[in-house]
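Structure file protein-v3.txt with compact mmCIF, C-alpha atoms:
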# COMPACT_ATOMS: atom_id res chain seq x y z
CA SER R 1 99.16 58.59 25.63
CA GLY R 2 96.26 57.32 27.66
CA ALA R 3 93.86 57.67 24.73
CA GLY R 4 96.20 55.72 22.45
CA ALA R 5 96.66 52.96 25.00
CA THR R 6 92.90 52.69 25.47
CA ALA R 7 92.28 52.49 21.73
CA ALA R 8 94.96 49.82 21.38
CA THR R 9 93.49 47.81 24.23
CA SER R 10 90.00 48.03 22.73
CA ASP R 11 91.32 46.89 19.35
CA GLN R 12 93.15 43.97 20.95
CA LEU R 13 90.04 42.95 22.87
CA ALA R 14 87.92 43.15 19.73
CA GLN R 15 90.43 41.04 17.85
CA ALA R 16 90.53 38.48 20.67
CA LEU R 17 86.73 38.18 20.76
CA GLU R 18 86.60 37.87 16.99
CA ALA R 19 89.26 35.15 17.08
CA LEU R 20 87.40 33.21 19.77
CA ASP R 21 84.22 33.50 17.74
CA GLY R 22 86.02 32.14 14.71
CA LEU R 23 87.33 29.20 16.72
CA GLY R 24 83.87 28.44 18.09
CA THR R 25 84.94 28.95 21.71
CA LEU R 26 83.46 32.40 22.29
CA ARG R 27 80.33 31.12 23.99
CA SER R 28 82.30 29.16 26.57
CA ALA R 29 84.68 32.09 27.15
CA LEU R 30 81.73 34.38 27.85
CA GLY R 31 79.70 31.73 29.68
CA SER R 32 79.24 30.69 33.29
CA ASN R 33 82.85 29.60 33.71
CA GLY R 34 84.21 32.69 31.99
CA ILE R 35 83.51 36.40 31.79
CA GLY R 36 79.74 36.07 32.17
CA GLY R 37 79.90 34.04 35.37
CA ALA R 38 82.45 36.36 36.96
CA LEU R 39 80.46 39.43 35.94
CA LEU R 40 77.30 37.98 37.46
CA GLN R 41 78.81 36.78 40.73
CA HIS R 42 81.16 39.63 41.55
CA LEU R 43 79.38 42.66 40.12
CA LEU R 44 75.78 42.27 38.94
CA ILE R 45 74.25 40.30 41.84
CA PRO R 46 75.88 42.47 44.56
CA ALA R 47 74.78 45.63 42.72
CA ALA R 48 71.22 44.33 42.23
CA LEU R 49 70.80 43.59 45.93
CA ASP R 50 72.45 46.70 47.35
CA PRO R 51 70.57 49.88 46.37
CA ALA R 52 72.90 52.02 48.48
CA LEU R 53 75.74 51.46 46.00
CA THR R 54 76.51 54.46 43.83
CA LEU R 55 77.75 54.00 40.29
CA GLU R 56 79.81 56.46 38.30
CA ILE R 57 81.23 56.26 34.79
CA ASP R 58 84.36 58.41 34.84
CA ASP R 59 85.64 59.72 31.52
CA GLY R 60 88.80 61.11 33.12
CA ASP R 61 91.13 63.28 31.07
CA SER R 62 91.19 61.00 28.03
CA GLU R 63 89.01 58.66 26.03
CA GLN R 64 89.44 56.04 28.73
CA GLN R 65 86.29 55.29 30.70
CA ARG R 66 86.20 53.76 34.14
CA LEU R 67 83.28 52.18 35.94
CA VAL R 68 83.38 53.13 39.63
CA LEU R 69 81.18 51.57 42.31
CA ARG R 70 81.19 53.21 45.71
CA LYS R 71 79.78 51.81 48.93
CA GLY R 72 77.78 54.19 51.05
CA PRO R 73 77.15 53.99 54.81
CA GLU R 74 73.91 52.05 54.27
CA THR R 75 75.34 49.30 52.07
CA MET R 76 75.14 45.70 53.21
CA ALA R 77 78.07 43.99 54.81
CA ASP R 78 79.43 40.90 53.10
CA GLY R 79 77.12 37.96 53.76
CA GLU R 80 74.34 40.13 55.19
CA GLN R 81 70.87 39.08 54.14
CA SER R 82 68.98 41.39 51.84
CA ARG R 83 66.38 43.54 53.50
CA VAL R 84 62.95 44.67 52.37
CA PHE R 85 63.60 47.70 50.22
CA SER R 86 61.30 50.49 49.12
CA PRO R 87 60.29 50.75 45.45
CA VAL R 88 62.58 53.76 45.07
CA GLN R 89 65.59 51.82 46.38
CA VAL R 90 64.89 48.81 44.16
CA ALA R 91 64.49 51.10 41.14
CA ALA R 92 67.92 52.59 41.90
CA ALA R 93 69.51 49.14 42.12
CA ILE R 94 67.99 48.03 38.82
CA GLU R 95 69.20 51.24 37.19
CA ASN R 96 72.72 50.55 38.48
CA VAL R 97 72.70 47.08 36.93
CA ARG R 98 71.46 48.45 33.63
CA ASN R 99 74.28 51.00 33.55
CA ILE R 100 76.86 48.33 34.37
CA LEU R 101 75.64 46.13 31.54
CA ARG R 102 75.54 49.07 29.16
CA PHE R 103 79.16 49.85 30.04
CA VAL R 104 80.20 46.24 29.42
CA PHE R 105 78.22 46.13 26.18
CA GLU R 106 79.79 49.31 24.81
CA GLN R 107 83.32 49.28 26.27
CA VAL R 108 84.10 45.56 26.48
CA LEU R 109 81.96 43.89 23.82
CA GLY R 110 82.14 46.67 21.28
CA SER R 111 78.33 47.07 21.11
CA THR R 112 78.08 43.66 19.45
CA ALA R 113 74.76 42.02 20.32
CA HIS R 114 76.05 38.60 19.24
CA TYR R 115 78.73 38.71 21.94
CA THR R 116 76.18 39.75 24.58
CA GLU R 117 73.86 36.93 23.53
CA CYS R 118 76.68 34.48 24.28
CA MET R 119 76.51 35.62 27.94
CA SER R 120 72.73 35.40 28.14
CA LEU R 121 72.40 31.97 29.77
CA ALA R 122 75.23 32.67 32.23
CA VAL R 123 73.97 36.13 33.26
CA TRP R 124 70.20 36.27 32.68
CA GLY R 125 69.73 32.54 33.11
CA VAL R 126 66.16 32.21 31.80
CA THR R 127 65.11 30.44 28.62
CA ASP R 128 61.47 29.64 29.49
CA SER R 129 59.53 32.74 30.54
CA ALA R 130 56.41 30.70 31.37
CA GLN R 131 58.32 28.63 33.94
CA ALA R 132 59.96 31.78 35.30
CA ARG R 133 56.55 33.42 35.83
CA LYS R 134 55.32 30.31 37.66
CA ASP R 135 58.40 30.37 39.88
CA ALA R 136 57.80 34.06 40.61
CA LYS R 137 54.18 33.37 41.56
CA ASP R 138 55.33 30.63 43.92
CA LEU R 139 57.74 33.09 45.54
CA VAL R 140 54.92 35.56 46.19
CA LEU R 141 52.60 32.89 47.55
CA ALA R 142 55.24 31.40 49.83
CA GLN R 143 56.55 34.79 50.98
CA ARG R 144 59.99 33.29 51.24
CA SER R 145 62.36 35.14 53.50
CA PRO R 146 64.95 37.39 51.84
CA ARG R 147 68.01 35.51 50.69
CA PRO R 148 71.66 36.52 50.76
CA PRO R 149 73.23 37.57 47.45
CA GLN R 150 75.03 34.26 46.93
CA ALA R 151 71.68 32.45 46.96
CA TYR R 152 70.65 34.05 43.67
CA SER R 153 72.09 32.20 40.69
CA THR R 154 70.87 34.43 37.85
CA LEU R 155 70.18 38.10 37.23
CA ALA R 156 66.55 37.40 36.31
CA GLU R 157 66.04 35.63 39.64
CA ALA R 158 67.64 38.51 41.55
CA PHE R 159 65.47 41.09 39.77
CA LEU R 160 62.30 39.10 40.46
CA GLY R 161 63.33 38.64 44.09
CA MET R 162 63.82 42.37 44.54
CA LEU R 163 60.50 43.18 42.86
CA ILE R 164 58.75 40.74 45.19
CA LEU R 165 60.45 42.18 48.28
CA ALA R 166 59.31 45.66 47.27
CA LEU R 167 55.65 44.69 46.79
CA PRO R 168 53.48 47.02 48.91
CA ASP R 169 51.45 45.70 51.81
CA ASP R 170 48.18 47.12 50.51
CA ALA R 171 46.63 48.76 47.46
CA ALA R 172 47.58 52.23 48.71
CA GLY R 173 51.22 51.51 47.95
CA LEU R 174 50.65 50.52 44.32
CA HIS R 175 51.08 54.09 43.04
CA ALA R 176 54.71 54.27 44.18
CA TYR R 177 55.33 50.73 42.98
CA LYS R 178 54.20 51.57 39.45
CA GLY R 179 57.23 53.86 39.09
CA LEU R 180 59.46 50.89 39.89
CA ALA R 181 57.50 48.76 37.42
CA ALA R 182 58.12 51.28 34.63
CA GLY R 183 61.87 51.34 35.39
CA ALA R 184 62.08 47.53 35.49
CA LYS R 185 60.33 47.24 32.12
CA ALA R 186 62.66 49.89 30.62
CA THR R 187 65.66 47.91 31.89
CA GLU R 188 64.41 44.67 30.38
CA ASP R 189 63.73 46.44 27.06
CA ALA R 190 67.30 47.78 27.12
CA LEU R 191 68.69 44.30 27.78
CA ILE R 192 66.67 42.94 24.86
CA LYS R 193 68.26 45.54 22.57
CA MET R 194 71.71 44.56 23.85
CA GLY R 195 71.00 40.91 23.06
CA LEU R 196 71.23 39.71 26.66
CA VAL R 197 67.51 38.92 26.88
CA SER R 198 65.33 37.45 24.15
CA ALA R 199 61.60 37.90 23.75
CA GLN R 200 61.14 34.30 24.93
CA SER R 201 63.19 34.84 28.09
CA ALA R 202 61.62 38.14 29.21
CA VAL R 203 60.23 37.71 32.75
CA LEU R 204 59.92 41.19 34.26
CA SER R 205 57.31 42.56 31.87
CA PRO R 206 54.99 39.53 32.24
CA PHE R 207 55.42 39.60 36.03
CA LEU R 208 54.50 43.29 36.17
CA GLN R 209 51.34 42.81 34.10
CA ASP R 210 49.48 41.48 37.13
CA LEU R 211 50.46 43.73 40.04
CA ASN R 212 46.97 43.44 41.53
CA GLY R 213 47.31 39.66 41.59
CA HIS R 214 50.73 39.68 43.27
CA LEU R 215 49.53 42.21 45.83
CA ALA R 216 46.40 40.19 46.51
CA GLN R 217 48.33 36.97 47.05
CA LYS R 218 50.83 38.67 49.35
CA ARG R 219 48.01 40.28 51.36
CA ARG R 220 46.11 36.98 51.51
CA ALA R 221 49.17 35.14 52.79
CA THR R 222 49.71 37.80 55.47
CA LEU R 223 46.12 37.72 56.72
CA LEU R 224 45.86 33.93 56.81
CA ALA R 225 49.19 33.73 58.64
CA ARG R 226 47.68 36.01 61.29
CA VAL R 227 44.69 33.70 61.66
CA ARG R 228 46.87 30.61 61.90
CA GLN R 229 49.15 32.19 64.49
CA ALA R 230 46.21 33.41 66.58
CA ILE R 231 44.76 29.91 66.62
CA LEU R 232 48.11 28.33 67.54
CA ASP R 233 48.62 30.84 70.37
CA ASP R 234 45.15 30.23 71.74
CA TYR R 235 45.24 26.94 73.63
CA ALA R 236 42.02 25.98 75.43
CA SER R 237 41.20 29.58 76.34
CA SER R 238 37.88 31.34 76.08
CA GLU R 239 36.10 34.57 76.86
CA LEU R 240 32.54 35.44 77.70
CA THR R 241 30.60 37.44 75.17
CA SER R 242 27.06 38.78 75.25
CA SER R 243 24.75 41.06 73.34
CA ALA R 244 25.71 43.86 75.71
CA GLU R 245 29.40 43.54 74.87
CA PRO R 246 30.04 43.04 71.15
CA LEU R 247 32.82 40.68 70.25
CA LEU R 248 34.42 43.31 68.05
CA HIS R 249 34.09 46.53 70.03
CA ASP R 250 35.78 49.08 67.75
CA LEU R 251 34.93 47.46 64.43
CA TYR R 252 31.32 46.96 65.50
CA ALA R 253 31.01 50.67 66.22
CA ASP R 254 32.47 51.58 62.81
CA LEU R 255 30.15 49.12 61.07
CA SER R 256 27.07 50.40 62.86
CA ALA R 257 27.96 53.99 61.98
CA ALA R 258 28.64 53.23 58.32
CA THR R 259 25.73 50.98 57.42
CA THR R 260 22.34 52.25 56.27
CA ARG R 261 20.70 48.84 56.46
CA PRO R 262 18.76 48.34 59.70
CA ASP R 263 19.08 44.57 59.42
CA ALA R 264 22.90 44.88 59.38
CA VAL R 265 23.10 46.61 62.75
CA GLY R 266 23.99 44.09 65.41
CA ILE R 267 25.17 41.47 62.95
CA PHE R 268 28.30 40.83 65.02
CA LYS R 269 26.57 40.75 68.38
CA LEU R 270 26.35 37.38 70.02
CA GLU R 271 24.15 36.09 72.77
CA GLN R 272 25.91 35.33 76.02
CA MET R 273 28.28 32.44 75.44
CA ARG R 274 31.88 31.44 75.70
CA VAL R 275 34.01 31.52 72.56
CA SER R 276 37.68 30.91 71.87
CA LYS R 277 39.77 34.03 72.33
CA CYS R 278 41.19 33.63 68.83
CA VAL R 279 37.73 34.32 67.41
CA ARG R 280 38.35 38.02 67.94
CA GLU R 281 41.42 37.99 65.68
CA VAL R 282 39.68 35.78 63.11
CA MET R 283 36.79 38.24 62.86
CA HIS R 284 39.18 41.19 62.62
CA VAL R 285 40.84 39.50 59.64
CA VAL R 286 37.47 38.73 58.03
CA LEU R 287 36.39 42.35 58.28
CA GLU R 288 39.75 43.64 57.05
CA ALA R 289 39.59 41.37 54.01
CA MET R 290 35.99 42.32 53.22
CA ASN R 291 36.79 46.01 53.65
CA GLU R 292 39.73 45.75 51.25
CA ALA R 293 37.56 43.84 48.79
CA SER R 294 34.97 46.60 48.82
CA HIS R 295 37.62 49.27 48.14
CA ALA R 296 39.57 47.30 45.52
CA PRO R 297 40.00 48.73 42.00
CA ALA R 298 37.31 47.78 39.52
CA PRO R 299 38.19 44.66 37.51
CA THR R 300 39.51 45.17 33.99
CA GLU R 301 39.06 43.20 30.80
CA ASN R 302 42.77 42.39 30.73
CA PRO R 303 43.01 38.57 31.02
CA HIS R 304 46.44 38.87 32.66
CA GLN R 305 45.15 40.91 35.62
CA THR R 306 43.68 39.33 38.73
CA ASP R 307 40.48 40.70 40.27
CA LEU R 308 41.72 41.96 43.65
CA ALA R 309 38.20 42.10 45.14
CA THR R 310 37.57 38.41 44.38
CA VAL R 311 40.83 37.30 46.00
CA MET R 312 40.15 39.32 49.16
CA TYR R 313 36.58 38.01 49.41
CA LEU R 314 37.86 34.45 49.12
CA CYS R 315 40.50 35.30 51.73
CA ALA R 316 37.74 36.20 54.21
CA ARG R 317 36.07 32.87 53.50
CA ASP R 318 39.39 31.04 53.86
CA ALA R 319 39.95 32.65 57.28
CA VAL R 320 36.70 31.15 58.56
CA ALA R 321 37.48 27.80 56.91
CA LEU R 322 40.89 27.77 58.56
CA PHE R 323 39.32 28.40 61.97
CA ARG R 324 36.82 25.59 61.45
CA ALA R 325 39.58 23.22 60.35
CA LEU R 326 41.98 23.91 63.24
CA VAL R 327 39.73 24.64 66.23
CA PRO R 328 38.00 21.55 67.68
Encoded form (structure tokens):
Amino acid sequence: SGAGATAATSDQLAQALEALDGLGTLRSALGSNGIGGALLQHLLIPAALDPALTLEIDDGDSEQQRLVLRKGPETMADGEQSRVFSPVQVAAAIENVRNILRFVFEQVLGSTAHYTECMSLAVWGVTDSAQARKDAKDLVLAQRSPRPPQAYSTLAEAFLGMLILALPDDAAGLHAYKGLAAGAKATEDALIKMGLVSAQSAVLSPFLQDLNGHLAQKRRATLLARVRQAILDDYASSELTSSAEPLLHDLYADLSAATTRPDAVGIFKLEQMRVSKCVREVMHVVLEAMNEASHAPAPTENPHQTDLATVMYLCARDAVALFRALVP
């Protein structure tokens, strides 16, 4: 019968793993050149980077269980670069990976954490969480372009890449992102229980402790890139400004309407002079950064959380410093 064949196969697999463990070759059999490497390359990385995949565990008519992955119409073609996904999509992809690993843990490895731990380096790939957090911070700061699935060499790297791609563009998107953060932490906790991740190699939970900091650095990089591009596009051009025509027409009107300080009215009016056209964009960025700083969440006493208001204030200052450095 199908149930009998499945039970026999499971027993044979358990005996084979036990024999390899006794011979001292289990770790290599489950490592990067064995089951772990194949699992990572052909199943886990593609599933992590394609939220449109659907996963089903089919019990069938017997005790036999099958893991079925189906491609939907929105899945990526082979070799296609990963896109920027929403927090909901990334949460679905992470959940798929967790279910795949749970299936392997229960149906292939017999729920033996020691066997899963032998695959840890090949699949998770992280032994130093401090270095992994630094690498993740560098990814946020550099805003590296999305990479194709084959560019990710470990599951931890793929998860961090997806979390970075899903970072919102402003503080308003943090609410939806926190749902993704909770799911990512639950997945890492589940992998710790399976033995795939150790407390020293956990990277998702530490990364998610400072969402304000990652958001601030992403926003800062975006705003300063705007300033730099405006300066590069503005070659030896100028415009005439005067007290009758504020440099920042719409923002000046909003500022004048919002302020209650008489000395603040007219702060962005200039006497008649010629200024570089890029000044307009620089001042837009300065006001955007200062506005976001003023509406940022209040700082907490948590030493792992970055003060969003401070980063945005420094971003406004950096925008002016960048203009002074690049414009003769």
Legend entry - Among listed residues R:Ala296, R:Leu23, R:Leu314, R:Met273, nearest R:Ser238 (using only C-alpha atoms): R:Met273
Inset, instruction - Check the smallest atom-to-atom distance from each of R:Ala182, R:Ile94, R:Leu155, R:Val285 to R:Ala225 using only C-alpha atoms, then report the winner. - result: R:Val285
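Each of R:Met119, R:Leu215, R:Leu240, R:Leu322 was compared to R:Gln305 using all atoms listed in the file, and R:Leu215 turns out to be the nearest.
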Inset, instruction - Mind checking which residues fall within 9 Å of R:Arg228, counting all atoms listed in the file, ignoring those fewer than 4 positions away in the same chain, and posting them as a PyMOL selection string? - result: chain R and resi 223-224+232-233+282+319+322-323+326
Inset, instruction - Select, from R:Ala293, R:Ala298, R:Ala19, R:Ala52, the residue with the minimum atom-to-atom distance to R:Arg220, counting all atoms listed in the file. - result: R:Ala293
Inset, instruction - Using all atoms listed in the file, find the one residue out of R:Gln89, R:Gly36, R:Leu49, R:Asn99 that sits nearest to R:Cys118. - result: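 With all atoms listed in the file as the atom set, the closest residue is R:Gly36.
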Legend entry - Given only C-alpha atoms as the counted atoms, nearest of R:Leu20, R:Ala216, R:Ala14, R:Leu196 to R:His114: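 Of the candidates, the smallest distance to R:His114 is held by R:Leu196.
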Legend entry - Computed interatomic separation between atom CA of R:Leu40 and atom CA of R:Ala122 (Å):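 It comes out at 7.7 Å.
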Could you give me stretch 176-202 of chain R completed to N, CA, C and O atoms, formatted as an mmCIF file, keeping the file's coordinate frame?
data_model
loop_
_atom_site.group_PDB
_atom_site.id
_atom_site.type_symbol
_atom_site.label_atom_id
_atom_site.label_comp_id
_atom_site.auth_asym_id
_atom_site.auth_seq_id
_atom_site.Cartn_x
_atom_site.Cartn_y
_atom_site.Cartn_z
ATOM 1 N N ALA R 176 53.254 54.155 44.150
ATOM 2 C CA ALA R 176 54.710 54.270 44.180
ATOM 3 C C ALA R 176 55.366 53.090 43.487
ATOM 4 O O ALA R 176 56.404 53.239 42.834
ATOM 5 N N TYR R 177 54.747 51.929 43.582
ATOM 6 C CA TYR R 177 55.330 50.730 42.980
ATOM 7 C C TYR R 177 55.290 50.795 41.456
ATOM 8 O O TYR R 177 56.143 50.209 40.787
ATOM 9 N N LYS R 178 54.317 51.506 40.901
ATOM 10 C CA LYS R 178 54.200 51.570 39.450
ATOM 11 C C LYS R 178 55.395 52.298 38.827
ATOM 12 O O LYS R 178 55.757 52.028 37.681
ATOM 13 N N GLY R 179 56.014 53.228 39.576
ATOM 14 C CA GLY R 179 57.230 53.860 39.090
ATOM 15 C C GLY R 179 58.357 52.851 38.967
ATOM 16 O O GLY R 179 59.121 52.859 37.988
ATOM 17 N N LEU R 180 58.469 51.962 39.946
ATOM 18 C CA LEU R 180 59.460 50.890 39.890
ATOM 19 C C LEU R 180 59.160 49.965 38.722
ATOM 20 O O LEU R 180 60.073 49.537 38.000
ATOM 21 N N ALA R 181 57.892 49.648 38.507
ATOM 22 C CA ALA R 181 57.500 48.760 37.420
ATOM 23 C C ALA R 181 57.932 49.338 36.066
ATOM 24 O O ALA R 181 58.435 48.610 35.196
ATOM 25 N N ALA R 182 57.736 50.645 35.890
ATOM 26 C CA ALA R 182 58.120 51.280 34.630
ATOM 27 C C ALA R 182 59.635 51.198 34.424
ATOM 28 O O ALA R 182 60.120 50.927 33.316
ATOM 29 N N GLY R 183 60.413 51.418 35.486
ATOM 30 C CA GLY R 183 61.870 51.340 35.390
ATOM 31 C C GLY R 183 62.344 49.926 35.097
ATOM 32 O O GLY R 183 63.282 49.719 34.314
ATOM 33 N N ALA R 184 61.704 48.926 35.725
ATOM 34 C CA ALA R 184 62.080 47.530 35.490
ATOM 35 C C ALA R 184 61.793 47.128 34.047
ATOM 36 O O ALA R 184 62.598 46.441 33.405
ATOM 37 N N LYS R 185 60.660 47.565 33.512
ATOM 38 C CA LYS R 185 60.330 47.240 32.120
ATOM 39 C C LYS R 185 61.318 47.919 31.165
ATOM 40 O O LYS R 185 61.755 47.321 30.177
ATOM 41 N N ALA R 186 61.688 49.189 31.460
ATOM 42 C CA ALA R 186 62.660 49.890 30.620
ATOM 43 C C ALA R 186 64.006 49.176 30.630
ATOM 44 O O ALA R 186 64.692 49.086 29.602
ATOM 45 N N THR R 187 64.389 48.653 31.792
ATOM 46 C CA THR R 187 65.660 47.910 31.890
ATOM 47 C C THR R 187 65.610 46.641 31.057
ATOM 48 O O THR R 187 66.551 46.329 30.319
ATOM 49 N N GLU R 188 64.512 45.894 31.162
ATOM 50 C CA GLU R 188 64.410 44.670 30.380
ATOM 51 C C GLU R 188 64.406 44.972 28.884
ATOM 52 O O GLU R 188 65.032 44.250 28.092
ATOM 53 N N ASP R 189 63.726 46.046 28.478
ATOM 54 C CA ASP R 189 63.730 46.440 27.060
ATOM 55 C C ASP R 189 65.144 46.767 26.598
ATOM 56 O O ASP R 189 65.543 46.418 25.476
ATOM 57 N N ALA R 190 65.918 47.440 27.473
ATOM 58 C CA ALA R 190 67.300 47.780 27.120
ATOM 59 C C ALA R 190 68.143 46.523 26.979
ATOM 60 O O ALA R 190 68.990 46.419 26.075
ATOM 61 N N LEU R 191 67.928 45.550 27.849
ATOM 62 C CA LEU R 191 68.690 44.300 27.780
ATOM 63 C C LEU R 191 68.318 43.492 26.544
ATOM 64 O O LEU R 191 69.155 42.772 25.994
ATOM 65 N N ILE R 192 67.078 43.610 26.096
ATOM 66 C CA ILE R 192 66.670 42.940 24.860
ATOM 67 C C ILE R 192 67.416 43.547 23.674
ATOM 68 O O ILE R 192 67.907 42.840 22.788
ATOM 69 N N LYS R 193 67.538 44.881 23.649
ATOM 70 C CA LYS R 193 68.260 45.540 22.570
ATOM 71 C C LYS R 193 69.745 45.168 22.577
ATOM 72 O O LYS R 193 70.374 45.058 21.527
ATOM 73 N N MET R 194 70.306 44.955 23.766
ATOM 74 C CA MET R 194 71.710 44.560 23.850
ATOM 75 C C MET R 194 71.930 43.108 23.430
ATOM 76 O O MET R 194 73.058 42.705 23.152
ATOM 77 N N GLY R 195 70.866 42.313 23.409
ATOM 78 C CA GLY R 195 71.000 40.910 23.060
ATOM 79 C C GLY R 195 71.110 39.989 24.250
ATOM 80 O O GLY R 195 71.201 38.768 24.086
ATOM 81 N N LEU R 196 71.088 40.550 25.467
ATOM 82 C CA LEU R 196 71.230 39.710 26.660
ATOM 83 C C LEU R 196 69.954 38.949 26.957
ATOM 84 O O LEU R 196 69.978 37.852 27.513
ATOM 85 N N VAL R 197 68.817 39.525 26.612
ATOM 86 C CA VAL R 197 67.510 38.920 26.880
ATOM 87 C C VAL R 197 66.772 38.785 25.551
ATOM 88 O O VAL R 197 66.781 39.711 24.736
ATOM 89 N N SER R 198 66.147 37.647 25.345
ATOM 90 C CA SER R 198 65.330 37.450 24.150
ATOM 91 C C SER R 198 63.858 37.639 24.518
ATOM 92 O O SER R 198 63.488 37.676 25.694
ATOM 93 N N ALA R 199 63.032 37.743 23.489
ATOM 94 C CA ALA R 199 61.600 37.900 23.750
ATOM 95 C C ALA R 199 61.035 36.701 24.493
ATOM 96 O O ALA R 199 60.115 36.824 25.289
ATOM 97 N N GLN R 200 61.623 35.523 24.260
ATOM 98 C CA GLN R 200 61.140 34.300 24.930
ATOM 99 C C GLN R 200 61.619 34.196 26.374
ATOM 100 O O GLN R 200 61.056 33.435 27.151
ATOM 101 N N SER R 201 62.656 34.949 26.726
ATOM 102 C CA SER R 201 63.190 34.840 28.090
ATOM 103 C C SER R 201 62.860 36.061 28.943
ATOM 104 O O SER R 201 63.347 36.178 30.062
ATOM 105 N N ALA R 202 62.032 36.965 28.428
ATOM 106 C CA ALA R 202 61.620 38.140 29.210
ATOM 107 C C ALA R 202 60.723 37.693 30.359
ATOM 108 O O ALA R 202 59.759 36.957 30.151
#
